[in-house]
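Q: Have a peek at entry.pdb (PDB, C-alpha atoms and all ligand atoms).
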```pdb
ATOM      1  CA  MET A  17      -5.928   4.929 -15.775  1.00  0.00           C
ATOM      2  CA  THR A  18      -8.280   2.146 -14.674  1.00  0.00           C
ATOM      3  CA  VAL A  19      -9.665   3.428 -11.417  1.00  0.00           C
ATOM      4  CA  GLU A  20     -12.773   2.254  -9.585  1.00  0.00           C
ATOM      5  CA  ILE A  21     -13.978   4.514  -6.794  1.00  0.00           C
ATOM      6  CA  ASP A  22     -15.951   3.192  -3.836  1.00  0.00           C
ATOM      7  CA  ILE A  23     -17.409   5.734  -1.413  1.00  0.00           C
ATOM      8  CA  ALA A  24     -18.733   4.694   1.998  1.00  0.00           C
ATOM      9  CA  ALA A  25     -20.247   6.727   4.805  1.00  0.00           C
ATOM     10  CA  THR A  26     -17.673   6.203   7.534  1.00  0.00           C
ATOM     11  CA  PRO A  27     -14.012   5.170   7.884  1.00  0.00           C
ATOM     12  CA  ASP A  28     -15.103   1.865   9.465  1.00  0.00           C
ATOM     13  CA  GLU A  29     -17.321   1.148   6.493  1.00  0.00           C
ATOM     14  CA  VAL A  30     -14.487   2.041   4.125  1.00  0.00           C
ATOM     15  CA  ALA A  31     -12.258  -0.442   5.926  1.00  0.00           C
ATOM     16  CA  ALA A  32     -14.884  -3.184   5.850  1.00  0.00           C
ATOM     17  CA  ARG A  33     -15.593  -2.751   2.145  1.00  0.00           C
ATOM     18  CA  ALA A  34     -11.923  -2.573   1.245  1.00  0.00           C
ATOM     19  CA  ALA A  35     -11.108  -5.647   3.324  1.00  0.00           C
ATOM     20  CA  ALA A  36     -13.874  -7.639   1.674  1.00  0.00           C
ATOM     21  CA  ARG A  37     -12.642  -6.635  -1.776  1.00  0.00           C
ATOM     22  CA  ALA A  38      -9.032  -7.495  -0.926  1.00  0.00           C
ATOM     23  CA  ALA A  39      -9.999 -10.890   0.485  1.00  0.00           C
ATOM     24  CA  ALA A  40     -12.217 -11.736  -2.476  1.00  0.00           C
ATOM     25  CA  TYR A  41      -9.450 -10.862  -4.895  1.00  0.00           C
ATOM     26  CA  LEU A  42      -6.803 -12.888  -3.085  1.00  0.00           C
ATOM     27  CA  ASN A  43      -9.155 -15.858  -2.809  1.00  0.00           C
ATOM     28  CA  GLU A  44      -9.723 -15.760  -6.583  1.00  0.00           C
ATOM     29  CA  GLN A  45      -6.001 -16.029  -7.327  1.00  0.00           C
ATOM     30  CA  PRO A  46      -4.535 -19.520  -7.489  1.00  0.00           C
ATOM     31  CA  GLY A  47      -1.428 -20.596  -5.571  1.00  0.00           C
ATOM     32  CA  GLU A  48       0.732 -18.381  -3.396  1.00  0.00           C
ATOM     33  CA  VAL A  49      -0.306 -14.728  -3.393  1.00  0.00           C
ATOM     34  CA  SER A  50       1.194 -11.531  -2.042  1.00  0.00           C
ATOM     35  CA  LEU A  51      -0.354  -8.691  -0.098  1.00  0.00           C
ATOM     36  CA  ALA A  52       1.748  -5.554   0.416  1.00  0.00           C
ATOM     37  CA  LEU A  53       0.715  -3.509   3.451  1.00  0.00           C
ATOM     38  CA  SER A  54       1.311   0.179   4.009  1.00  0.00           C
ATOM     39  CA  GLY A  55       1.798   2.516   6.945  1.00  0.00           C
ATOM     40  CA  GLY A  56       0.062   5.460   8.525  1.00  0.00           C
ATOM     41  CA  SER A  57      -3.102   5.487  10.557  1.00  0.00           C
ATOM     42  CA  THR A  58      -5.740   4.546   7.944  1.00  0.00           C
ATOM     43  CA  PRO A  59      -4.570   0.924   7.529  1.00  0.00           C
ATOM     44  CA  LYS A  60      -5.184   0.135  11.211  1.00  0.00           C
ATOM     45  CA  ARG A  61      -8.921   0.006  10.614  1.00  0.00           C
ATOM     46  CA  PHE A  62      -8.325  -1.981   7.446  1.00  0.00           C
ATOM     47  CA  HIS A  63      -6.313  -4.567   9.394  1.00  0.00           C
ATOM     48  CA  ALA A  64      -9.066  -4.869  11.990  1.00  0.00           C
ATOM     49  CA  ALA A  65     -11.584  -5.290   9.190  1.00  0.00           C
ATOM     50  CA  LEU A  66      -9.494  -8.057   7.597  1.00  0.00           C
ATOM     51  CA  LEU A  67      -9.551  -9.901  10.910  1.00  0.00           C
ATOM     52  CA  ALA A  68     -13.320  -9.501  11.194  1.00  0.00           C
ATOM     53  CA  LEU A  69     -14.168 -10.908   7.765  1.00  0.00           C
ATOM     54  CA  GLU A  70     -16.446 -13.904   7.513  1.00  0.00           C
ATOM     55  CA  THR A  71     -14.517 -15.034   4.441  1.00  0.00           C
ATOM     56  CA  PRO A  72     -10.932 -14.052   5.161  1.00  0.00           C
ATOM     57  CA  PRO A  73      -8.070 -13.930   2.673  1.00  0.00           C
ATOM     58  CA  PRO A  74      -6.334 -17.284   2.059  1.00  0.00           C
ATOM     59  CA  TRP A  75      -3.807 -16.615   4.813  1.00  0.00           C
ATOM     60  CA  ASN A  76      -2.159 -20.032   4.531  1.00  0.00           C
ATOM     61  CA  ARG A  77      -0.920 -19.108   1.039  1.00  0.00           C
ATOM     62  CA  THR A  78      -0.557 -15.319   1.409  1.00  0.00           C
ATOM     63  CA  HIS A  79       2.855 -13.649   1.583  1.00  0.00           C
ATOM     64  CA  ILE A  80       2.973 -10.375   3.489  1.00  0.00           C
ATOM     65  CA  LEU A  81       5.109  -7.556   2.120  1.00  0.00           C
ATOM     66  CA  TRP A  82       5.332  -3.821   2.878  1.00  0.00           C
ATOM     67  CA  SER A  83       5.023  -1.213   0.146  1.00  0.00           C
ATOM     68  CA  ASP A  84       7.198   1.058   2.256  1.00  0.00           C
ATOM     69  CA  GLU A  85       8.974   1.223   5.570  1.00  0.00           C
ATOM     70  CA  ARG A  86      10.570   3.902   7.677  1.00  0.00           C
ATOM     71  CA  ALA A  87      14.310   3.611   8.333  1.00  0.00           C
ATOM     72  CA  LEU A  88      14.103   3.144  12.082  1.00  0.00           C
ATOM     73  CA  PRO A  89      15.413   0.389  14.383  1.00  0.00           C
ATOM     74  CA  ASP A  90      13.617  -2.962  14.404  1.00  0.00           C
ATOM     75  CA  GLY A  91      10.596  -2.865  16.665  1.00  0.00           C
ATOM     76  CA  HIS A  92      10.445   0.959  16.735  1.00  0.00           C
ATOM     77  CA  PRO A  93       6.857   2.067  17.414  1.00  0.00           C
ATOM     78  CA  ASP A  94       6.857   4.237  14.263  1.00  0.00           C
ATOM     79  CA  ARG A  95       7.836   1.352  11.986  1.00  0.00           C
ATOM     80  CA  ASN A  96       5.053   0.270   9.630  1.00  0.00           C
ATOM     81  CA  THR A  97       5.971  -3.342  10.346  1.00  0.00           C
ATOM     82  CA  THR A  98       5.545  -2.788  14.103  1.00  0.00           C
ATOM     83  CA  MET A  99       2.074  -1.359  13.519  1.00  0.00           C
ATOM     84  CA  ALA A 100       1.074  -4.260  11.275  1.00  0.00           C
ATOM     85  CA  GLN A 101       2.452  -6.762  13.759  1.00  0.00           C
ATOM     86  CA  SER A 102       0.189  -5.545  16.539  1.00  0.00           C
ATOM     87  CA  THR A 103      -2.889  -4.778  14.425  1.00  0.00           C
ATOM     88  CA  LEU A 104      -2.849  -7.836  12.143  1.00  0.00           C
ATOM     89  CA  LEU A 105       0.038 -10.259  12.259  1.00  0.00           C
ATOM     90  CA  ASP A 106      -0.035 -11.140  15.963  1.00  0.00           C
ATOM     91  CA  ALA A 107      -3.570 -12.403  15.466  1.00  0.00           C
ATOM     92  CA  LEU A 108      -2.695 -14.407  12.360  1.00  0.00           C
ATOM     93  CA  GLY A 109       0.456 -16.158  13.530  1.00  0.00           C
ATOM     94  CA  LEU A 110       1.696 -16.768   9.976  1.00  0.00           C
ATOM     95  CA  PRO A 111       4.867 -18.799   9.465  1.00  0.00           C
ATOM     96  CA  ALA A 112       8.027 -16.674   9.127  1.00  0.00           C
ATOM     97  CA  ARG A 113       8.465 -17.725   5.488  1.00  0.00           C
ATOM     98  CA  GLN A 114       5.298 -15.811   4.613  1.00  0.00           C
ATOM     99  CA  VAL A 115       6.166 -12.545   6.381  1.00  0.00           C
ATOM    100  CA  HIS A 116       8.786 -10.453   4.586  1.00  0.00           C
ATOM    101  CA  VAL A 117       9.907  -7.626   6.854  1.00  0.00           C
ATOM    102  CA  PRO A 118      12.195  -5.124   5.109  1.00  0.00           C
ATOM    103  CA  ASP A 119      15.520  -4.584   6.879  1.00  0.00           C
ATOM    104  CA  ALA A 120      14.891  -0.869   7.297  1.00  0.00           C
ATOM    105  CA  GLY A 121      16.932  -0.681  10.518  1.00  0.00           C
ATOM    106  CA  ALA A 122      20.087  -1.523   8.535  1.00  0.00           C
ATOM    107  CA  ALA A 123      22.958   0.975   8.398  1.00  0.00           C
ATOM    108  CA  ASP A 124      23.225   0.421   4.642  1.00  0.00           C
ATOM    109  CA  LEU A 125      19.746   1.290   3.402  1.00  0.00           C
ATOM    110  CA  GLU A 126      20.699   0.903  -0.266  1.00  0.00           C
ATOM    111  CA  ALA A 127      21.722  -2.691   0.427  1.00  0.00           C
ATOM    112  CA  ALA A 128      18.470  -3.257   2.343  1.00  0.00           C
ATOM    113  CA  ALA A 129      16.511  -1.949  -0.664  1.00  0.00           C
ATOM    114  CA  ALA A 130      18.371  -4.314  -2.997  1.00  0.00           C
ATOM    115  CA  ALA A 131      17.755  -7.225  -0.623  1.00  0.00           C
ATOM    116  CA  TYR A 132      14.038  -6.425  -0.489  1.00  0.00           C
ATOM    117  CA  ALA A 133      13.913  -6.192  -4.279  1.00  0.00           C
ATOM    118  CA  ASP A 134      15.388  -9.724  -4.269  1.00  0.00           C
ATOM    119  CA  VAL A 135      12.524 -10.866  -2.015  1.00  0.00           C
ATOM    120  CA  LEU A 136      10.019  -9.518  -4.543  1.00  0.00           C
ATOM    121  CA  THR A 137      11.887 -11.173  -7.385  1.00  0.00           C
ATOM    122  CA  ALA A 138      11.949 -14.514  -5.575  1.00  0.00           C
ATOM    123  CA  LEU A 139       8.164 -14.326  -5.222  1.00  0.00           C
ATOM    124  CA  HIS A 140       7.204 -12.770  -8.536  1.00  0.00           C
ATOM    125  CA  GLY A 141      10.149 -12.758 -10.949  1.00  0.00           C
ATOM    126  CA  SER A 142      11.829  -9.685 -12.357  1.00  0.00           C
ATOM    127  CA  PRO A 143      10.401  -7.150 -12.694  1.00  0.00           C
ATOM    128  CA  PRO A 144       7.952  -8.282 -10.020  1.00  0.00           C
ATOM    129  CA  GLU A 145       4.182  -8.133 -10.273  1.00  0.00           C
ATOM    130  CA  VAL A 146       2.885  -8.039  -6.708  1.00  0.00           C
ATOM    131  CA  ASP A 147      -0.691  -9.334  -6.447  1.00  0.00           C
ATOM    132  CA  LEU A 148      -2.220  -6.657  -4.236  1.00  0.00           C
ATOM    133  CA  VAL A 149      -0.674  -3.463  -2.872  1.00  0.00           C
ATOM    134  CA  ILE A 150      -2.435  -1.395  -0.217  1.00  0.00           C
ATOM    135  CA  LEU A 151      -1.625   2.309  -0.346  1.00  0.00           C
ATOM    136  CA  GLY A 152      -2.545   5.414   1.590  1.00  0.00           C
ATOM    137  CA  MET A 153      -1.984   8.989   0.612  1.00  0.00           C
ATOM    138  CA  GLY A 154      -0.690  12.047   2.407  1.00  0.00           C
ATOM    139  CA  ALA A 155      -2.032  15.590   2.238  1.00  0.00           C
ATOM    140  CA  ASP A 156       1.017  16.415   0.044  1.00  0.00           C
ATOM    141  CA  GLY A 157      -0.021  13.713  -2.441  1.00  0.00           C
ATOM    142  CA  HIS A 158       2.637  11.205  -1.389  1.00  0.00           C
ATOM    143  CA  THR A 159       1.942   7.522  -1.466  1.00  0.00           C
ATOM    144  CA  ALA A 160       3.996   4.637  -0.116  1.00  0.00           C
ATOM    145  CA  SER A 161       7.231   6.570   0.640  1.00  0.00           C
ATOM    146  CA  LEU A 162       7.252   8.362  -2.687  1.00  0.00           C
ATOM    147  CA  PHE A 163       7.220  12.010  -1.624  1.00  0.00           C
ATOM    148  CA  PRO A 164       6.950  15.042  -3.927  1.00  0.00           C
ATOM    149  CA  GLY A 165      10.389  16.487  -4.633  1.00  0.00           C
ATOM    150  CA  PHE A 166      12.398  13.428  -3.486  1.00  0.00           C
ATOM    151  CA  ALA A 167      14.294  11.546  -6.166  1.00  0.00           C
ATOM    152  CA  VAL A 168      13.655   7.853  -6.615  1.00  0.00           C
ATOM    153  CA  ASP A 169      15.620   5.469  -8.782  1.00  0.00           C
ATOM    154  CA  ASP A 170      12.889   3.702 -10.665  1.00  0.00           C
ATOM    155  CA  ALA A 171      15.257   1.147 -12.180  1.00  0.00           C
ATOM    156  CA  ALA A 172      14.901  -1.249  -9.257  1.00  0.00           C
ATOM    157  CA  ALA A 173      11.798  -2.701  -7.596  1.00  0.00           C
ATOM    158  CA  VAL A 174      12.560  -1.143  -4.205  1.00  0.00           C
ATOM    159  CA  ALA A 175      14.475   2.071  -3.480  1.00  0.00           C
ATOM    160  CA  ALA A 176      16.066   3.838  -0.539  1.00  0.00           C
ATOM    161  CA  VAL A 177      14.669   7.364  -0.547  1.00  0.00           C
ATOM    162  CA  GLY A 178      14.478  10.579   1.416  1.00  0.00           C
ATOM    163  CA  ALA A 179      11.338  11.989   3.029  1.00  0.00           C
ATOM    164  CA  PRO A 180      10.486  15.344   4.633  1.00  0.00           C
ATOM    165  CA  VAL A 181      12.112  15.880   8.028  1.00  0.00           C
ATOM    166  CA  ASP A 182       8.772  16.634   9.695  1.00  0.00           C
ATOM    167  CA  THR A 183       7.594  13.057   9.045  1.00  0.00           C
ATOM    168  CA  PRO A 184       8.291  10.111  11.365  1.00  0.00           C
ATOM    169  CA  ALA A 185      11.451   9.203   9.408  1.00  0.00           C
ATOM    170  CA  PRO A 186      13.499  11.166   6.858  1.00  0.00           C
ATOM    171  CA  ARG A 187      14.833   7.980   5.250  1.00  0.00           C
ATOM    172  CA  ARG A 188      12.639   5.212   3.870  1.00  0.00           C
ATOM    173  CA  LEU A 189      12.485   2.053   1.821  1.00  0.00           C
ATOM    174  CA  THR A 190       9.737   2.078  -0.780  1.00  0.00           C
ATOM    175  CA  PHE A 191       8.333   0.209  -3.739  1.00  0.00           C
ATOM    176  CA  THR A 192       9.270   2.268  -6.789  1.00  0.00           C
ATOM    177  CA  PHE A 193       6.814   3.734  -9.278  1.00  0.00           C
ATOM    178  CA  ASP A 194       7.667   0.853 -11.560  1.00  0.00           C
ATOM    179  CA  THR A 195       6.652  -1.738  -8.947  1.00  0.00           C
ATOM    180  CA  LEU A 196       3.400   0.115  -8.248  1.00  0.00           C
ATOM    181  CA  ARG A 197       2.713   0.374 -11.976  1.00  0.00           C
ATOM    182  CA  ARG A 198       3.174  -3.346 -12.423  1.00  0.00           C
ATOM    183  CA  ALA A 199       1.221  -4.523  -9.369  1.00  0.00           C
ATOM    184  CA  ARG A 200      -1.770  -6.587 -10.421  1.00  0.00           C
ATOM    185  CA  ARG A 201      -4.111  -4.675  -8.125  1.00  0.00           C
ATOM    186  CA  VAL A 202      -3.584  -1.522  -6.056  1.00  0.00           C
ATOM    187  CA  LEU A 203      -6.050  -0.588  -3.336  1.00  0.00           C
ATOM    188  CA  VAL A 204      -5.908   3.016  -2.108  1.00  0.00           C
ATOM    189  CA  LEU A 205      -7.455   3.920   1.246  1.00  0.00           C
ATOM    190  CA  ALA A 206      -8.216   7.554   2.072  1.00  0.00           C
ATOM    191  CA  THR A 207     -10.481   8.958   4.743  1.00  0.00           C
ATOM    192  CA  GLY A 208     -11.078  12.386   6.206  1.00  0.00           C
ATOM    193  CA  GLU A 209     -11.472  15.903   4.895  1.00  0.00           C
ATOM    194  CA  GLY A 210      -7.718  16.498   4.754  1.00  0.00           C
ATOM    195  CA  LYS A 211      -7.453  14.049   1.868  1.00  0.00           C
ATOM    196  CA  ALA A 212     -10.259  15.581  -0.216  1.00  0.00           C
ATOM    197  CA  GLU A 213      -8.276  18.219  -2.083  1.00  0.00           C
ATOM    198  CA  PRO A 214      -5.123  16.180  -2.875  1.00  0.00           C
ATOM    199  CA  LEU A 215      -7.260  13.244  -3.901  1.00  0.00           C
ATOM    200  CA  ALA A 216      -9.353  15.345  -6.267  1.00  0.00           C
ATOM    201  CA  THR A 217      -6.138  16.654  -7.848  1.00  0.00           C
ATOM    202  CA  ALA A 218      -4.673  13.163  -8.164  1.00  0.00           C
ATOM    203  CA  LEU A 219      -7.790  11.839  -9.847  1.00  0.00           C
ATOM    204  CA  ALA A 220      -8.507  14.830 -12.077  1.00  0.00           C
ATOM    205  CA  GLY A 221      -5.765  14.194 -14.623  1.00  0.00           C
ATOM    206  CA  PRO A 222      -2.110  13.238 -15.094  1.00  0.00           C
ATOM    207  CA  GLY A 223       0.601  15.187 -13.273  1.00  0.00           C
ATOM    208  CA  ASP A 224       3.685  14.922 -11.107  1.00  0.00           C
ATOM    209  CA  GLY A 225       2.097  14.072  -7.766  1.00  0.00           C
ATOM    210  CA  PRO A 226       3.163  10.622  -6.546  1.00  0.00           C
ATOM    211  CA  LEU A 227      -0.330   9.161  -6.083  1.00  0.00           C
ATOM    212  CA  GLN A 228      -1.404  10.977  -9.222  1.00  0.00           C
ATOM    213  CA  ARG A 229       1.383   9.241 -11.162  1.00  0.00           C
ATOM    214  CA  VAL A 230       0.435   5.834  -9.791  1.00  0.00           C
ATOM    215  CA  LEU A 231      -3.230   6.314 -10.647  1.00  0.00           C
ATOM    216  CA  HIS A 232      -2.611   7.543 -14.173  1.00  0.00           C
ATOM    217  CA  GLU A 233       0.336   5.361 -15.156  1.00  0.00           C
ATOM    218  CA  ARG A 234      -1.253   2.051 -14.186  1.00  0.00           C
ATOM    219  CA  THR A 235      -3.111  -0.059 -16.690  1.00  0.00           C
ATOM    220  CA  ASN A 236      -4.138  -2.813 -14.258  1.00  0.00           C
ATOM    221  CA  PRO A 237      -7.104  -1.901 -12.041  1.00  0.00           C
ATOM    222  CA  THR A 238      -6.715   0.449  -9.086  1.00  0.00           C
ATOM    223  CA  TRP A 239      -9.398   0.461  -6.415  1.00  0.00           C
ATOM    224  CA  VAL A 240      -9.882   3.679  -4.448  1.00  0.00           C
ATOM    225  CA  PHE A 241     -11.875   3.356  -1.215  1.00  0.00           C
ATOM    226  CA  LEU A 242     -13.015   6.644   0.317  1.00  0.00           C
ATOM    227  CA  ASP A 243     -15.318   7.973   2.955  1.00  0.00           C
ATOM    228  CA  GLN A 244     -17.639  10.850   2.156  1.00  0.00           C
ATOM    229  CA  ALA A 245     -15.263  13.390   3.685  1.00  0.00           C
ATOM    230  CA  ALA A 246     -12.344  12.321   1.468  1.00  0.00           C
ATOM    231  CA  ALA A 247     -14.642  12.198  -1.556  1.00  0.00           C
ATOM    232  CA  GLY A 248     -15.987  15.685  -0.891  1.00  0.00           C
ATOM    233  CA  ARG A 249     -14.010  17.458  -3.633  1.00  0.00           C
ATOM    234  CA  LEU A 250     -14.302  14.956  -6.443  1.00  0.00           C
ATOM    235  CA  GLU A 251     -15.495  16.448  -9.689  1.00  0.00           C
ATOM    236  CA  GLU A 252     -18.490  14.175  -9.944  1.00  0.00           C
ATOM    237  CA  PRO A 253     -19.486  13.029  -6.464  1.00  0.00           C
ATOM    238  CA  ARG A 254     -21.070   9.570  -6.590  1.00  0.00           C
TER     239      ARG A 254
HETATM  240  C1  LIG A 301       4.048   5.978   5.705  1.00  0.00           C
HETATM  241  C2  LIG A 301       3.147   5.613   4.584  1.00  0.00           C
HETATM  242  C3  LIG A 301       2.333   6.644   3.951  1.00  0.00           C
HETATM  243  C4  LIG A 301       0.905   6.600   4.490  1.00  0.00           C
HETATM  244  C5  LIG A 301       0.153   7.859   4.164  1.00  0.00           C
HETATM  245  C6  LIG A 301      -1.232   7.879   4.760  1.00  0.00           C
HETATM  246  O1  LIG A 301       4.844   5.184   6.113  1.00  0.00           O
HETATM  247  O2  LIG A 301       3.940   7.113   6.180  1.00  0.00           O
HETATM  248  O3  LIG A 301       3.090   4.348   4.150  1.00  0.00           O
HETATM  249  O4  LIG A 301       2.358   6.625   2.555  1.00  0.00           O
HETATM  250  O5  LIG A 301       0.232   5.491   3.969  1.00  0.00           O
HETATM  251  O6  LIG A 301       0.889   8.946   4.637  1.00  0.00           O
HETATM  252  O7  LIG A 301      -1.114   7.966   6.132  1.00  0.00           O
HETATM  253  P1  LIG A 301      -2.384   8.142   7.075  1.00  0.00           P
HETATM  254  O8  LIG A 301      -3.199   6.912   6.918  1.00  0.00           O
HETATM  255  O9  LIG A 301      -1.800   8.263   8.447  1.00  0.00           O
HETATM  256  O10 LIG A 301      -3.057   9.369   6.611  1.00  0.00           O
END
```
Take the structure I supplied and represent it as structure tokens, if you would.

A:
Amino acid sequence: MTVEIDIAATPDEVAARAAARAAAYLNEQPGEVSLALSGGSTPKRFHAALLALETPPPWNRTHILWSDERALPDGHPDRNTTMAQSTLLDALGLPARQVHVPDAGAADLEAAAAAYADVLTALHGSPPEVDLVILGMGADGHTASLFPGFAVDDAAAVAAVGAPVDTPAPRRLTFTFDTLRRARRVLVLATGEGKAEPLATALAGPGDGPLQRVLHERTNPTWVFLDQAAAGRLEEPR
């Protein structure tokens, strides 16, 4: 595990610090780079913070990916891509060749997963090493669309998976554990008291929780950006 923890006072500060770190990292990398976005509510602030940066990421050479997507029709308000479109991409106006929307509205989700794995391979070879993956976490310890108790075929870069029925979509596309393990940098965003307990568990030591696995199985750096509420149960508060 190579985890760096950054604790800020408020969710807006978390977003600003995380955005600055992401931009600095992408600017340091030569050539075309990839940034994989995630879903949920926390990234909205992060997207706004990216747009507010004085030194933005190198957008003209950044490819946008999604670490996971909900299997819902194109343009559905609960799609992670729809959220990113309105909170980030509309303002950037990137060329279509740089924005890689997973085909999560497809009837054949397995085929859509394979096609998205091909997108990653075209950018980064096989198995792919994505430059920077943004992740959130759920109160159940899930990350991307890797949910506790749902099988995932880790042999491919992207998988079609199930998710609990009380979530916005019971079928998803997601980067596999292997893709998250190999990513050059992973940036985890977590804010609010509800994340404190699962986060403390995930950080405390290895185990079966999805975020816990990602944190402990990675050897490349993982950056964890928290507010004080989410950091409230860490063993050694900083
Ligand atoms: C999704 C996700 C998911 C999300 C976390 C955090 O599509 O649901 O990508 O992994 O990032 O559940 O969500 P919040 O930011 O809303 O807490």

Q: Neighbours of segment 30-46 of chain A within 12 Å (all atoms listed in the file; same-chain residues fewer than 6 positions away dropped), as a PyMOL selection string?

A: chain A and resi 20-24+52-53+57-79+146-151+200-208+237-247

Q: Enumerate, as a tab-separated table (two decimals) with C-alpha atoms, in the coordinates of the input, the residues matched when the PyMOL selection byres (((not hetatm)) within 10 of (chain A and resi 301)) is run on the file above.

A:
```
chain	number	residue	atom	x	y	z
A	53	LEU	CA	0.72	-3.51	3.45
A	54	SER	CA	1.31	0.18	4.01
A	55	GLY	CA	1.80	2.52	6.94
A	56	GLY	CA	0.06	5.46	8.52
A	57	SER	CA	-3.10	5.49	10.56
A	58	THR	CA	-5.74	4.55	7.94
A	59	PRO	CA	-4.57	0.92	7.53
A	60	LYS	CA	-5.18	0.14	11.21
A	61	ARG	CA	-8.92	0.01	10.61
A	82	TRP	CA	5.33	-3.82	2.88
A	83	SER	CA	5.02	-1.21	0.15
A	84	ASP	CA	7.20	1.06	2.26
A	85	GLU	CA	8.97	1.22	5.57
A	86	ARG	CA	10.57	3.90	7.68
A	87	ALA	CA	14.31	3.61	8.33
A	94	ASP	CA	6.86	4.24	14.26
A	95	ARG	CA	7.84	1.35	11.99
A	96	ASN	CA	5.05	0.27	9.63
A	97	THR	CA	5.97	-3.34	10.35
A	150	ILE	CA	-2.44	-1.40	-0.22
A	151	LEU	CA	-1.62	2.31	-0.35
A	152	GLY	CA	-2.54	5.41	1.59
A	153	MET	CA	-1.98	8.99	0.61
A	154	GLY	CA	-0.69	12.05	2.41
A	155	ALA	CA	-2.03	15.59	2.24
A	156	ASP	CA	1.02	16.42	0.04
A	157	GLY	CA	-0.02	13.71	-2.44
A	158	HIS	CA	2.64	11.20	-1.39
A	159	THR	CA	1.94	7.52	-1.47
A	160	ALA	CA	4.00	4.64	-0.12
A	161	SER	CA	7.23	6.57	0.64
A	162	LEU	CA	7.25	8.36	-2.69
A	163	PHE	CA	7.22	12.01	-1.62
A	179	ALA	CA	11.34	11.99	3.03
A	183	THR	CA	7.59	13.06	9.04
A	184	PRO	CA	8.29	10.11	11.36
A	185	ALA	CA	11.45	9.20	9.41
A	188	ARG	CA	12.64	5.21	3.87
A	189	LEU	CA	12.48	2.05	1.82
A	190	THR	CA	9.74	2.08	-0.78
A	204	VAL	CA	-5.91	3.02	-2.11
A	205	LEU	CA	-7.46	3.92	1.25
A	206	ALA	CA	-8.22	7.55	2.07
A	207	THR	CA	-10.48	8.96	4.74
A	208	GLY	CA	-11.08	12.39	6.21
A	210	GLY	CA	-7.72	16.50	4.75
A	211	LYS	CA	-7.45	14.05	1.87
A	226	PRO	CA	3.16	10.62	-6.55
A	227	LEU	CA	-0.33	9.16	-6.08
```

Q: Please write the residues picked by the PyMOL selection byres (((chain A and resi 131) around 12) and not hetatm) on this file as a PyMOL selection string.

A: chain A and resi 116-120+122+124-130+132-138+172-176+189

Q: For atom CA of Val230 of chain A and atom CA of Leu51 of chain A, determine how far apart the two atoms are, in Å to one decimal place.

A: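 Going from atom CA of Val230 of chain A over to atom CA of Leu51 of chain A, I get 17.5 Å.
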
Q: Mind giving me the straight-line distance from atom CA of Leu139 of chain A to atom CA of Glu48 of chain A in Å, one decimal?

A: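 Rounded to one decimal, the two atoms are 8.7 Å apart.
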
Q: In Å, rounded to a single decimal, give me how far atom CA of Ala212 of chain A is from atom CA of Thr26 of chain A.

A: 14.2 Å

Q: Rank nothing, just name the residue among A:Ala216, A:Pro164, A:Asp170, A:Leu81 nearest to Ala112 of chain A, using only C-alpha atoms.

A: A:Leu81

Q: From the options A:Pro93, A:Gly165, A:Pro144, A:Pro111, which residue's atoms come nearest to Pro180 of chain A, counting only C-alpha atoms?

A: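 Nearest candidate to Pro180 of chain A out of A:Pro93, A:Gly165, A:Pro144, A:Pro111: A:Gly165.
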
Q: When you count all atoms listed in the file, which of these residues is closest to Ile80 of chain A: A:Leu104, A:Val19, A:Leu231, A:Ala199?

A: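 Result for the nearest residue to Ile80 of chain A: A:Leu104.
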
Q: When distances are computed from all atoms listed in the file, which of A:Glu209, A:Asp90, A:Glu251, A:Glu233 shows the smallest separation from Pro27 of chain A?

A: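 Using all atoms listed in the file, the shortest distance to Pro27 of chain A belongs to A:Glu209.
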
Q: Using all atoms listed in the file, pick whichever of A:Thr235, A:Thr195, A:Thr18, A:Thr217 has the shortest atom-to-atom distance to Ser142 of chain A.

A: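 Using all atoms listed in the file, the shortest distance to Ser142 of chain A belongs to A:Thr195.
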